[in-house]
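**Student:** My questions will all concern the structure given below.
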Protein chains: 2
Amino acid sequence: MEKGLVKPKPKTKLKDVAKATGFSENTVSLALRGSPRLPESTRDLILRAAEELNYFPNHIARSLANNATRTIGLVLTDIMNPTLTLAARTIERELTKAGYGMMFAASDTSVESEKRALLRFQSYQVDGILVYPAHHRKFDHIVAVAEAGTPVLLLAELRGSGLDTVAIDDMAGAYKVACHLLGLGHRRIAMLDGGFMSGNDDKRRGIRRAIRQAGLPANTLIVHNAKGTSATQGYRMMPAVMADPNKPTALVASTDALATGALRWCGENGISVPGQMAIAGYDNTEVSEFSVLPLTTVNYAADEISRIGVARILHRLENKEARLPAETQLIEPELIVRATT
Amino acid sequence: MEKGLVKPKPKTKLKDVAKATGFSENTVSLALRGSPRLPESTRDLILRAAEELNYFPNHIARSLANNATRTIGLVLTDIMNPTLTLAARTIERELTKAGYGMMFAASDTSVESEKRALLRFQSYQVDGILVYPAHHRKFDHIVAVAEAGTPVLLLAELRGSGLDTVAIDDMAGAYKVACHLLGLGHRRIAMLDGGFMSGNDDKRRGIRRAIRQAGLPANTLIVHNAKGTSATQGYRMMPAVMADPNKPTALVASTDALATGALRWCGENGISVPGQMAIAGYDNTEVSEFSVLPLTTVNYAADEISRIGVARILHRLENKEARLPAETQLIEPELIVRATT
DNA sequence: GTGAAAGCGCTAACAC
DNA sequence: GTGTTAGCGCTTTCAC
């Protein structure tokens with residue numbers, strides 16, 4: 001008989017274990033959950049029987065009875081973004097450790113599909129939701145979820161949302177890169193701004209602050225707006241960047257991918273990096289620990305915010321009644337220097 | 001009053017909509033699911049009321065009643081592997097399109113945690129499970145899940161498992177790289193074998209086949225066993241590779257990361273790539289579409305197998321009674337040539 | 001120490 | 001067309 005054709009055995013239920021041991025469903029349920037109300041003898045007896053019958057609890061039924069699923073939903077914009085991949089991994093690990101399951105959805109930076117994902121999660125009755133938001137100003141639907149009673153935690157700052165947040169301080173990160181470049185003597189810095197997410201405003205501000213602090217004129221920074229964050233975009237932007245008669249000597253990209261594209265363009269156009277042009281990325285992802293590329297970058301500590309974020313939301317769940325106020329926590333990222341010349 | 005402190009409104013239930021409209025729960029339920037048995041008038045009335053009360057169904061209760069969760073579990077070894085990241089993304093997209101939710105778990109290539117993840121998914125009553133297996137010979141626990149009645153689909157071949165499979169034909173992929181290198185005239189080819197997953201045996205076999213077909217001696221291939229698949233590993237292996245008095249002129253790594261490490265080593269040791277040493281990767285991931293690196297690589301079509309895999313498992317679910325036999329489908333990957341010199 | 005009964009929110013079978 | 005009833009598998013009073 002072929003394996004694919006075997007009739008599946010009916011699943012063992014609490015009732016079956018009850019019948020097998022002669023105890024009531026109730027007692028079996030208590031035993032399986034290790035209630036101290038039962039004497040060891042009965043507990044062992046029941047556990048052994050359950051083991052033998054290959055019983056495992058129906059989590060759905062339990063969830064319905066408990067009004068809690070021990071499941072957390074994660075909404076990311078795009079898991080292909082290496083930073084968010086790392087976040088997803090860390091979050092999954094932490095949740096598993098804590099005995100929680102994780103549901104996953106991607107918004108693809110579409111507010112509409114973010115909305116759908118949130119609704120789906122609400123319907124699934126997840127106990128809490130972690131969100132890397134799709135848009136930095138359209139977030140009413142996220143707030144609505146929190147107000148409806150599902151704890152929400154943001155993994156990127158959404159100013160004015162009033163939601164629990166654990167995120168990277170992008171202003172501090174960009175400030176660090178800028179200080180680094182200025183320290184190397186650069187006096188014309190171009191920025192490749194990937195646009196649209198709130199973080200980028202902060203990045204620009206961080207750079208500006210460093211320039212002001214160094215006592216340099218505001219036009220030390222030349223901002224170029226990329227319509228995207230991909231390597232291809234970075235590559236395409238370069239002619240415009242270099243068209244400036246007063247060419248920049250350093251470049252800050254708002255993502256590593258953009259930086260990679262810029263790097264390629266320089267390679268193809270005989271501009272040595274970092275000799276003639278310093279290039280800095282952001283995220284420390286495309287550019288891995290073991291990078292072959294001469295890119296200095298900001299380490300977006302996705303694992304750290306994930307760990308803290310998970311701890312925060314679980315803590316909130318365990319103190320459902322305590323009504324903890326929302327809180328925003330920003331992590332300052334490190335600069336990773338890979339090219340100093 | 002602070003937002004975090006607002007008392008959550010109680011959720012609207014079927015009963016509430018029933019009361020509000022004067023119909024029975026049953027009728028409301030039918031209306032919400034668009035039953036044709038109801039006249040449009042009542043349906044509209046009910047839908048409007050539900051809308052107003054901000055009703056959305058409790059998926060947990062529905063699942064319990066239906067004995068189906070419309071949820072699929074995905075078990076990956078490690079989502080940081082870019083190939084699997086892509087798989088995760090594609091799978092999530094396809095499932096969402098089909099109206100399914102996705103639970104996610106990582107095994108970190110530990111059979112034990114793979115086992116735990118499968119158990120958890122069974123307990124959560126997922127309708128089906130997609131698995132990128134942790135080990136190529138220990139899979140009894142996976143088979144057990146299938147036999148217990150939860151449809152399982154493998155994303156990598158597990159010979160002898162008898163389980164439904166949609167996977168990449170690694171033998172064909174490796175054969176292609178080898179043919180390419182041999183065609184360029186290489187006569188000493190080293191392989192950096194990342195070990196442990198079944199695919200690698202196939203990769204070795206594929207290369208050997210190409211060599212045999214070209215009428216070259218078996219010792220054209222020199223296999224080096226890396227204890228891992230990271231860039232760091234690739235870097236560390238290189239001295240051993242180059243210690244051979246009869247140095248190889250080409251290198252096939254079993255992952256792109258390994259290849260990247262090798263590339264870095266060559267760079268630091270004054271060996272030009274691909275001039276003095278051709279390097280080929282595998283997966284087409286570290287090495288993205290827009291790569292700056294001179295690495296030819298095999299395109300592990302994770303998105304394709306994911307799409308097909310999801311379609312297959314959903315099809316199986318929709319024909320639960322049909323008892324379709326298990327089937328193995330192998331996709332032949334393309335070679336992406338980035339360095340020909 | 002253990003059991004009986006009610007209920008979590010929904011769907012399905014069968015009345016009317 | 002619509003309502004009634006029973007039940008999904010578990011937990012939780014509250015008796016005994």
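The way I read the labels, and the way they are meant: chains A, B, ... in the order of the structure tokens, residue 1 as the first residue of every chain, and ligand 1 as the first ligand shown, with later ones counted on from there.
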Compute the set of chain D residues within 8 Å of chain A, using only C-alpha atoms (C1' of nucleotides), and express it as a list of chain:residue names.
**Tutor:**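 Output check: D:DC8, D:DG9, D:DC10, D:DT11.
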**Student:** Keeping only N, CA, C and O atoms (P, O5', C5', C4', C3', O3' and C1' of nucleotides), take the residues you just selected and write them out as a short mmCIF file (atom, residue, chain, number, x, y, z; two decimals), in the first residue's frame.
**Tutor:**
data_model
loop_
_atom_site.label_atom_id
_atom_site.label_comp_id
_atom_site.auth_asym_id
_atom_site.auth_seq_id
_atom_site.Cartn_x
_atom_site.Cartn_y
_atom_site.Cartn_z
P DC D 8 -18.44 16.55 19.20
"O5'" DC D 8 -17.17 17.23 18.55
"C5'" DC D 8 -17.09 17.55 17.17
"C4'" DC D 8 -16.19 18.76 17.02
"C3'" DC D 8 -15.10 18.82 18.08
"O3'" DC D 8 -13.92 18.21 17.56
"C1'" DC D 8 -16.18 20.97 17.73
P DG D 9 -13.31 16.91 18.22
"O5'" DG D 9 -12.47 17.50 19.44
"C5'" DG D 9 -11.33 18.31 19.17
"C4'" DG D 9 -10.94 19.02 20.44
"C3'" DG D 9 -10.61 18.11 21.62
"O3'" DG D 9 -9.39 18.55 22.17
"C1'" DG D 9 -12.16 19.75 22.26
P DC D 10 -8.66 17.86 23.36
"O5'" DC D 10 -8.83 18.97 24.49
"C5'" DC D 10 -8.09 20.17 24.40
"C4'" DC D 10 -8.82 21.29 25.07
"C3'" DC D 10 -8.70 21.34 26.59
"O3'" DC D 10 -7.60 22.15 26.94
"C1'" DC D 10 -10.89 21.94 25.81
P DT D 11 -7.12 22.18 28.44
"O5'" DT D 11 -8.16 23.20 29.11
"C5'" DT D 11 -8.10 24.56 28.73
"C4'" DT D 11 -9.14 25.35 29.50
"C3'" DT D 11 -8.90 25.43 31.00
"O3'" DT D 11 -9.13 26.78 31.37
"C1'" DT D 11 -11.08 24.63 30.59
#
**Student:** Starting from chain A, keep only residues with some atom at most 7 Å from an atom of chain B, counting only C-alpha atoms, and report them as an MDAnalysis selection string.
**Tutor:** chainID A and resid 3:5 8:9 56:61 64 79:80 85:86 89 92 102:105 123:125 147:149 162 231:232 264 290 292 323:326
**Student:** Go ahead and write the residues just picked, N, CA, C and O atoms, as a compact mmCIF listing (two decimals), in the first residue's frame.
**Tutor:**
# COMPACT_ATOMS: atom_id res chain seq x y z
N LYS A 3 2.19 4.97 0.71
CA LYS A 3 2.11 5.80 1.91
C LYS A 3 1.09 6.91 1.78
O LYS A 3 0.37 7.20 2.70
N GLY A 4 1.07 7.52 0.61
CA GLY A 4 0.18 8.65 0.43
C GLY A 4 -1.29 8.26 0.56
O GLY A 4 -2.15 9.11 0.71
N LEU A 5 -1.54 6.97 0.54
CA LEU A 5 -2.93 6.54 0.51
C LEU A 5 -3.43 6.00 1.84
O LEU A 5 -4.59 5.63 1.97
N PRO A 8 -5.55 8.24 7.56
CA PRO A 8 -4.99 8.80 8.80
C PRO A 8 -5.79 8.30 10.00
O PRO A 8 -7.01 8.25 9.97
N LYS A 9 -5.03 7.97 11.05
CA LYS A 9 -5.70 7.54 12.29
C LYS A 9 -6.42 8.74 12.89
O LYS A 9 -5.91 9.85 12.84
N PHE A 56 -1.72 14.58 22.02
CA PHE A 56 -1.24 15.96 22.21
C PHE A 56 -2.43 16.88 22.10
O PHE A 56 -3.37 16.62 21.35
N PRO A 57 -2.41 17.94 22.88
CA PRO A 57 -3.59 18.79 23.02
C PRO A 57 -3.94 19.51 21.72
O PRO A 57 -3.08 19.84 20.93
N ASN A 58 -5.21 19.73 21.54
CA ASN A 58 -5.70 20.53 20.41
C ASN A 58 -5.63 21.99 20.83
O ASN A 58 -6.44 22.48 21.61
N HIS A 59 -4.64 22.64 20.27
CA HIS A 59 -4.38 24.01 20.69
C HIS A 59 -5.54 24.95 20.34
O HIS A 59 -5.76 25.94 21.02
N ILE A 60 -6.24 24.63 19.30
CA ILE A 60 -7.37 25.47 18.89
C ILE A 60 -8.47 25.44 19.95
O ILE A 60 -8.97 26.48 20.38
N ALA A 61 -8.80 24.25 20.38
CA ALA A 61 -9.84 24.12 21.40
C ALA A 61 -9.39 24.81 22.69
O ALA A 61 -10.16 25.53 23.33
N LEU A 64 -9.71 28.51 22.37
CA LEU A 64 -11.09 28.98 22.46
C LEU A 64 -11.54 29.04 23.91
O LEU A 64 -12.15 30.01 24.35
N ILE A 79 10.33 40.76 3.82
CA ILE A 79 11.29 39.93 4.52
C ILE A 79 12.60 39.78 3.74
O ILE A 79 13.60 39.34 4.28
N MET A 80 12.61 40.19 2.49
CA MET A 80 13.84 40.12 1.71
C MET A 80 14.83 41.19 2.14
O MET A 80 16.01 41.12 1.82
N THR A 85 14.89 40.32 7.78
CA THR A 85 15.08 38.88 7.88
C THR A 85 15.65 38.54 9.25
O THR A 85 15.17 37.65 9.94
N LEU A 86 16.65 39.30 9.62
CA LEU A 86 17.27 39.08 10.93
C LEU A 86 16.25 39.30 12.04
O LEU A 86 16.17 38.55 13.01
N ARG A 89 14.01 36.31 12.24
CA ARG A 89 14.65 35.17 12.88
C ARG A 89 14.71 35.33 14.39
O ARG A 89 14.36 34.43 15.14
N GLU A 92 11.29 35.02 15.99
CA GLU A 92 10.82 33.63 16.04
C GLU A 92 11.52 32.88 17.17
O GLU A 92 10.91 32.16 17.95
N MET A 102 4.31 31.80 16.19
CA MET A 102 4.39 33.04 15.42
C MET A 102 3.69 32.91 14.08
O MET A 102 3.94 31.97 13.34
N MET A 103 2.83 33.86 13.79
CA MET A 103 2.26 33.94 12.46
C MET A 103 2.99 35.04 11.73
O MET A 103 3.41 36.03 12.33
N PHE A 104 3.12 34.87 10.42
CA PHE A 104 3.89 35.85 9.68
C PHE A 104 3.12 36.40 8.49
O PHE A 104 2.43 35.67 7.79
N ALA A 105 3.26 37.70 8.26
CA ALA A 105 2.67 38.31 7.07
C ALA A 105 3.56 39.44 6.57
O ALA A 105 4.25 40.09 7.36
N SER A 123 -8.49 38.45 13.50
CA SER A 123 -9.44 37.36 13.34
C SER A 123 -8.87 36.05 13.89
O SER A 123 -9.57 35.27 14.52
N TYR A 124 -7.59 35.85 13.69
CA TYR A 124 -6.93 34.67 14.22
C TYR A 124 -6.75 34.74 15.73
O TYR A 124 -6.23 33.84 16.33
N GLN A 125 -7.10 35.84 16.29
CA GLN A 125 -7.05 36.03 17.74
C GLN A 125 -5.62 35.96 18.30
O GLN A 125 -5.42 35.43 19.41
N GLU A 147 -6.36 49.76 19.98
CA GLU A 147 -7.52 50.22 20.74
C GLU A 147 -8.59 49.15 20.86
O GLU A 147 -9.35 49.12 21.81
N ALA A 148 -8.61 48.27 19.87
CA ALA A 148 -9.59 47.17 19.93
C ALA A 148 -9.17 46.12 20.94
O ALA A 148 -9.90 45.17 21.19
N GLY A 149 -7.97 46.27 21.49
CA GLY A 149 -7.60 45.39 22.58
C GLY A 149 -6.46 44.42 22.31
O GLY A 149 -6.07 43.67 23.20
N GLY A 162 1.47 57.09 19.49
CA GLY A 162 1.17 56.73 20.86
C GLY A 162 1.25 55.24 21.13
O GLY A 162 0.71 54.74 22.11
N ALA A 231 19.97 48.23 -5.21
CA ALA A 231 21.28 48.43 -5.80
C ALA A 231 21.14 49.10 -7.17
O ALA A 231 21.87 50.02 -7.53
N THR A 232 20.15 48.65 -7.90
CA THR A 232 19.91 49.21 -9.23
C THR A 232 19.68 50.71 -9.14
O THR A 232 20.23 51.49 -9.92
N ARG A 264 29.36 49.88 -7.55
CA ARG A 264 29.52 49.26 -8.86
C ARG A 264 29.75 50.33 -9.94
O ARG A 264 30.60 50.20 -10.79
N PHE A 290 31.63 39.59 6.73
CA PHE A 290 32.81 39.15 6.03
C PHE A 290 32.91 39.83 4.68
O PHE A 290 33.39 39.26 3.71
N VAL A 292 33.45 41.77 1.25
CA VAL A 292 34.54 41.99 0.33
C VAL A 292 34.56 43.47 -0.05
O VAL A 292 35.47 43.96 -0.68
N ARG A 323 -2.49 47.40 32.68
CA ARG A 323 -2.65 48.61 31.88
C ARG A 323 -1.38 49.45 31.83
O ARG A 323 -1.37 50.62 32.23
N LEU A 324 -0.32 48.82 31.41
CA LEU A 324 0.93 49.56 31.30
C LEU A 324 0.82 50.63 30.23
O LEU A 324 0.23 50.40 29.18
N PRO A 325 1.36 51.79 30.48
CA PRO A 325 1.31 52.86 29.47
C PRO A 325 2.27 52.56 28.33
O PRO A 325 3.26 51.86 28.50
N ALA A 326 1.96 53.07 27.14
CA ALA A 326 2.83 52.87 25.98
C ALA A 326 4.17 53.56 26.23
O ALA A 326 4.26 54.52 26.99
**Student:** Run DSSP on the backbone of this structure and report the residues of region 158-225 of chain B it assigns to strand (DSSP E or B), as an MDAnalysis selection string.
**Tutor:** chainID B and resid 164:168 189:193 221:225
**Student:** Can those selected residues be exported to a file as a JSON list (two decimals), in the first residue's frame so that it contains N, CA and C atoms?
**Tutor:**
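again_35.json, freshly written:
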[["chain", "number", "residue", "atom", "x", "y", "z"],
["B", 164, "ASP", "N", 5.56, 13.79, -0.34],
["B", 164, "ASP", "CA", 5.37, 14.78, -1.40],
["B", 164, "ASP", "C", 6.56, 15.72, -1.45],
["B", 165, "THR", "N", 7.09, 16.00, -2.62],
["B", 165, "THR", "CA", 8.29, 16.83, -2.71],
["B", 165, "THR", "C", 8.28, 17.74, -3.93],
["B", 166, "VAL", "N", 8.67, 18.98, -3.73],
["B", 166, "VAL", "CA", 8.97, 19.89, -4.84],
["B", 166, "VAL", "C", 10.32, 20.50, -4.51],
["B", 167, "ALA", "N", 11.33, 20.21, -5.30],
["B", 167, "ALA", "CA", 12.68, 20.64, -4.92],
["B", 167, "ALA", "C", 13.54, 20.95, -6.14],
["B", 168, "ILE", "N", 14.71, 21.48, -5.85],
["B", 168, "ILE", "CA", 15.66, 21.78, -6.91],
["B", 168, "ILE", "C", 16.47, 20.52, -7.24],
["B", 189, "ILE", "N", 39.62, 21.16, -10.96],
["B", 189, "ILE", "CA", 38.51, 21.85, -10.32],
["B", 189, "ILE", "C", 38.41, 21.43, -8.85],
["B", 190, "ALA", "N", 38.46, 22.42, -7.97],
["B", 190, "ALA", "CA", 38.29, 22.13, -6.55],
["B", 190, "ALA", "C", 36.84, 22.38, -6.16],
["B", 191, "MET", "N", 36.35, 21.56, -5.25],
["B", 191, "MET", "CA", 35.00, 21.80, -4.77],
["B", 191, "MET", "C", 35.04, 22.09, -3.27],
["B", 192, "LEU", "N", 34.36, 23.17, -2.87],
["B", 192, "LEU", "CA", 34.19, 23.47, -1.45],
["B", 192, "LEU", "C", 32.84, 22.93, -1.05],
["B", 193, "ASP", "N", 32.85, 21.82, -0.35],
["B", 193, "ASP", "CA", 31.60, 21.14, -0.04],
["B", 193, "ASP", "C", 31.12, 21.52, 1.36],
["B", 221, "LEU", "N", 38.48, 16.50, -10.28],
["B", 221, "LEU", "CA", 37.78, 17.12, -9.16],
["B", 221, "LEU", "C", 38.48, 16.81, -7.84],
["B", 222, "ILE", "N", 38.75, 17.88, -7.10],
["B", 222, "ILE", "CA", 39.33, 17.71, -5.77],
["B", 222, "ILE", "C", 38.32, 18.25, -4.76],
["B", 223, "VAL", "N", 37.82, 17.37, -3.91],
["B", 223, "VAL", "CA", 36.78, 17.81, -2.98],
["B", 223, "VAL", "C", 37.38, 18.22, -1.64],
["B", 224, "HIS", "N", 37.01, 19.41, -1.19],
["B", 224, "HIS", "CA", 37.44, 19.87, 0.13],
["B", 224, "HIS", "C", 36.21, 20.00, 1.01],
["B", 225, "ASN", "N", 36.28, 19.42, 2.18],
["B", 225, "ASN", "CA", 35.12, 19.45, 3.04],
["B", 225, "ASN", "C", 35.13, 20.63, 4.00]]
**Student:** Per residue of chain C within 7 Å of chain B, note the shortest atom pair and the distance in Å to one decimal, counting only C-alpha atoms (C1' of nucleotides), and order the rows by chain and increasing residue number, as a Markdown table.
**Tutor:**
| residue | atom | partner | partner_atom | distance |
| --- | --- | --- | --- | --- |
| C:DG9 | C1' | B:Ala61 | CA | 5.0 |
| C:DC10 | C1' | B:Arg62 | CA | 4.9 |
| C:DT11 | C1' | B:Ala65 | CA | 5.6 |
**Student:** Would you mind listing what lies within 9 Å of region 2-7 of chain C as JSON, numbers by chain, with only C-alpha atoms (C1' of nucleotides) counted and same-chain residues fewer than 4 positions away left out?
**Tutor:** {"A": [23, 24, 25, 26, 27, 38, 65], "D": [12, 13, 15, 16]}
**Student:** Just list the residues in region 27-102 of chain B DSSP gives alpha helix (DSSP H) on the backbone, as a CSV table (one decimal) with N, CA, C and O atoms, in the first residue's frame.
**Tutor:**
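Okay, this is what ended up in states07.csv:
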chain,number,residue,atom,x,y,z
B,27,THR,N,-28.6,32.4,10.9
B,27,THR,CA,-28.9,33.2,9.7
B,27,THR,C,-27.8,34.2,9.5
B,27,THR,O,-27.3,34.5,8.4
B,28,VAL,N,-27.3,34.8,10.6
B,28,VAL,CA,-26.2,35.8,10.5
B,28,VAL,C,-25.0,35.1,10.0
B,28,VAL,O,-24.3,35.6,9.1
B,29,SER,N,-24.7,34.0,10.5
B,29,SER,CA,-23.5,33.2,10.1
B,29,SER,C,-23.6,33.0,8.6
B,29,SER,O,-22.7,33.2,7.8
B,30,LEU,N,-24.8,32.5,8.1
B,30,LEU,CA,-25.0,32.3,6.7
B,30,LEU,C,-24.8,33.5,5.9
B,30,LEU,O,-24.1,33.5,4.8
B,31,ALA,N,-25.4,34.6,6.3
B,31,ALA,CA,-25.3,35.9,5.6
B,31,ALA,C,-23.8,36.3,5.4
B,31,ALA,O,-23.4,36.7,4.4
B,32,LEU,N,-23.1,36.2,6.5
B,32,LEU,CA,-21.7,36.7,6.5
B,32,LEU,C,-20.9,35.8,5.6
B,32,LEU,O,-19.9,36.3,5.0
B,40,GLU,N,-31.3,38.5,-0.9
B,40,GLU,CA,-30.4,39.6,-0.8
B,40,GLU,C,-30.7,40.6,0.3
B,40,GLU,O,-29.9,41.2,0.9
B,41,SER,N,-32.0,40.9,0.4
B,41,SER,CA,-32.4,41.9,1.4
B,41,SER,C,-31.9,41.6,2.8
B,41,SER,O,-31.3,42.4,3.4
B,42,THR,N,-32.2,40.4,3.3
B,42,THR,CA,-31.7,40.1,4.6
B,42,THR,C,-30.2,40.1,4.6
B,42,THR,O,-29.6,40.6,5.6
B,43,ARG,N,-29.6,39.5,3.6
B,43,ARG,CA,-28.1,39.5,3.6
B,43,ARG,C,-27.5,40.9,3.8
B,43,ARG,O,-26.7,41.2,4.6
B,44,ASP,N,-28.0,41.8,2.9
B,44,ASP,CA,-27.5,43.2,3.0
B,44,ASP,C,-27.8,43.8,4.4
B,44,ASP,O,-26.9,44.4,4.9
B,45,LEU,N,-28.9,43.5,4.9
B,45,LEU,CA,-29.3,44.1,6.2
B,45,LEU,C,-28.3,43.6,7.2
B,45,LEU,O,-27.7,44.4,8.0
B,46,ILE,N,-28.0,42.3,7.2
B,46,ILE,CA,-27.1,41.8,8.2
B,46,ILE,C,-25.7,42.2,8.0
B,46,ILE,O,-25.0,42.6,8.9
B,47,LEU,N,-25.3,42.3,6.7
B,47,LEU,CA,-23.9,42.7,6.5
B,47,LEU,C,-23.7,44.1,6.9
B,47,LEU,O,-22.7,44.5,7.5
B,48,ARG,N,-24.7,44.9,6.7
B,48,ARG,CA,-24.6,46.3,7.1
B,48,ARG,C,-24.4,46.4,8.6
B,48,ARG,O,-23.6,47.1,9.2
B,49,ALA,N,-25.3,45.7,9.3
B,49,ALA,CA,-25.2,45.7,10.8
B,49,ALA,C,-23.9,45.2,11.3
B,49,ALA,O,-23.3,45.8,12.2
B,50,ALA,N,-23.4,44.2,10.7
B,50,ALA,CA,-22.1,43.6,11.1
B,50,ALA,C,-21.0,44.7,10.9
B,50,ALA,O,-20.2,44.9,11.8
B,51,GLU,N,-21.1,45.3,9.7
B,51,GLU,CA,-20.1,46.4,9.4
B,51,GLU,C,-20.1,47.4,10.5
B,51,GLU,O,-19.1,47.9,11.0
B,52,GLU,N,-21.4,47.9,10.9
B,52,GLU,CA,-21.5,48.9,11.8
B,52,GLU,C,-21.0,48.5,13.2
B,52,GLU,O,-20.4,49.3,13.9
B,53,LEU,N,-21.3,47.3,13.6
B,53,LEU,CA,-20.8,46.8,14.9
B,53,LEU,C,-19.3,46.5,14.8
B,53,LEU,O,-18.8,46.0,15.8
B,59,HIS,N,-11.7,33.5,14.2
B,59,HIS,CA,-11.2,32.4,13.4
B,59,HIS,C,-11.0,31.2,14.2
B,59,HIS,O,-11.0,30.0,13.7
B,60,ILE,N,-10.7,31.3,15.5
B,60,ILE,CA,-10.4,30.2,16.3
B,60,ILE,C,-11.7,29.3,16.5
B,60,ILE,O,-11.7,28.1,16.3
B,61,ALA,N,-12.7,30.0,16.8
B,61,ALA,CA,-14.0,29.3,17.0
B,61,ALA,C,-14.4,28.6,15.7
B,61,ALA,O,-14.8,27.5,15.6
B,62,ARG,N,-14.2,29.4,14.6
B,62,ARG,CA,-14.6,28.8,13.3
B,62,ARG,C,-13.7,27.6,13.0
B,62,ARG,O,-14.2,26.6,12.5
B,63,SER,N,-12.5,27.7,13.3
B,63,SER,CA,-11.6,26.5,13.1
B,63,SER,C,-12.0,25.3,13.9
B,63,SER,O,-12.0,24.2,13.4
B,64,LEU,N,-12.4,25.5,15.1
B,64,LEU,CA,-12.8,24.4,15.9
B,64,LEU,C,-14.1,23.8,15.3
B,64,LEU,O,-14.1,22.5,15.3
B,65,ALA,N,-15.0,24.6,14.9
B,65,ALA,CA,-16.2,24.0,14.4
B,65,ALA,C,-16.0,23.3,13.0
B,65,ALA,O,-16.6,22.3,12.7
B,66,ASN,N,-15.1,23.9,12.3
B,66,ASN,CA,-14.8,23.4,10.9
B,66,ASN,C,-13.8,22.3,10.9
B,66,ASN,O,-13.7,21.6,9.8
B,82,PRO,N,19.6,33.1,2.4
B,82,PRO,CA,18.9,34.0,1.5
B,82,PRO,C,17.9,33.2,0.6
B,82,PRO,O,16.9,33.7,0.2
B,83,THR,N,18.3,32.0,0.2
B,83,THR,CA,17.5,31.2,-0.6
B,83,THR,C,16.2,30.8,0.2
B,83,THR,O,15.1,30.9,-0.4
B,84,LEU,N,16.3,30.6,1.4
B,84,LEU,CA,15.1,30.2,2.2
B,84,LEU,C,14.3,31.5,2.6
B,84,LEU,O,13.1,31.4,2.7
B,85,THR,N,15.0,32.6,2.6
B,85,THR,CA,14.3,33.9,2.8
B,85,THR,C,13.3,34.0,1.6
B,85,THR,O,12.1,34.3,1.8
B,86,LEU,N,13.9,33.8,0.5
B,86,LEU,CA,13.0,34.0,-0.7
B,86,LEU,C,11.9,33.0,-0.7
B,86,LEU,O,10.7,33.3,-1.0
B,87,ALA,N,12.2,31.8,-0.3
B,87,ALA,CA,11.2,30.8,-0.2
B,87,ALA,C,10.1,31.2,0.7
B,87,ALA,O,8.9,31.2,0.4
B,88,ALA,N,10.5,31.7,1.9
B,88,ALA,CA,9.5,32.2,2.9
B,88,ALA,C,8.6,33.3,2.3
B,88,ALA,O,7.4,33.3,2.5
B,89,ARG,N,9.2,34.2,1.6
B,89,ARG,CA,8.5,35.3,1.1
B,89,ARG,C,7.4,34.8,0.1
B,89,ARG,O,6.3,35.1,0.1
B,90,THR,N,7.9,34.0,-0.8
B,90,THR,CA,7.0,33.5,-1.9
B,90,THR,C,5.9,32.7,-1.3
B,90,THR,O,4.7,32.8,-1.7
B,91,ILE,N,6.2,31.8,-0.3
B,91,ILE,CA,5.2,31.0,0.3
B,91,ILE,C,4.2,31.8,1.0
B,91,ILE,O,3.0,31.6,0.8
B,92,GLU,N,4.6,32.8,1.7
B,92,GLU,CA,3.7,33.7,2.4
B,92,GLU,C,2.8,34.4,1.4
B,92,GLU,O,1.5,34.4,1.6
B,93,ARG,N,3.3,34.9,0.3
B,93,ARG,CA,2.5,35.6,-0.7
B,93,ARG,C,1.4,34.6,-1.3
B,93,ARG,O,0.3,35.0,-1.4
B,94,GLU,N,1.9,33.5,-1.7
B,94,GLU,CA,1.0,32.5,-2.3
B,94,GLU,C,-0.2,32.1,-1.3
B,94,GLU,O,-1.3,32.0,-1.7
B,95,LEU,N,0.2,31.9,-0.1
B,95,LEU,CA,-0.8,31.5,0.9
B,95,LEU,C,-1.8,32.6,1.1
B,95,LEU,O,-3.0,32.4,1.2
B,96,THR,N,-1.3,33.8,1.3
B,96,THR,CA,-2.1,35.0,1.5
B,96,THR,C,-3.1,35.1,0.3
B,96,THR,O,-4.3,35.3,0.6
B,97,LYS,N,-2.6,35.0,-0.9
B,97,LYS,CA,-3.5,35.0,-2.0
B,97,LYS,C,-4.6,34.0,-2.0
B,97,LYS,O,-5.7,34.3,-2.3
**Student:** Quick one: pull the distance between CA of Ile211 (chain B) and CA of Val241 (chain B), Å, one decimal.
**Tutor:**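 One can read the CA of Ile211 (chain B) to CA of Val241 (chain B) distance as 19.3 Å.
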**Student:** Separation of CA of Arg70 (chain A) and CA of Leu314 (chain B), in Å?
**Tutor:**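 Answer for the CA of Arg70 (chain A) to CA of Leu314 (chain B) separation: 25.6 Å.
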**Student:** Ranking B:Asp244, B:Glu157, B:Asp170, B:Asp201 by minimum distance to Leu335 (chain B) and counting only C-alpha atoms, which one comes first?
**Tutor:**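 Result for the nearest residue to Leu335 (chain B): B:Asp170.
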**Student:** So that I can see what lies close to DA13 (chain C), please list as a list of chain:residue names the residues with an atom at most 12 Å from it, counting only C-alpha atoms (C1' of nucleotides) and leaving out residues fewer than 4 positions away in the same chain.
**Tutor:**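 Selected residues are B:Asn26, D:DT4, D:DT5, D:DA6, D:DG7.
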**Student:** So the first atom is C1' of DT2 (chain D) and the second is C1' of DA15 (chain C); what is the distance between them in Å, to one decimal place?
**Tutor:**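 About the pair C1' of DT2 (chain D) and C1' of DA15 (chain C): they are 10.3 Å apart.
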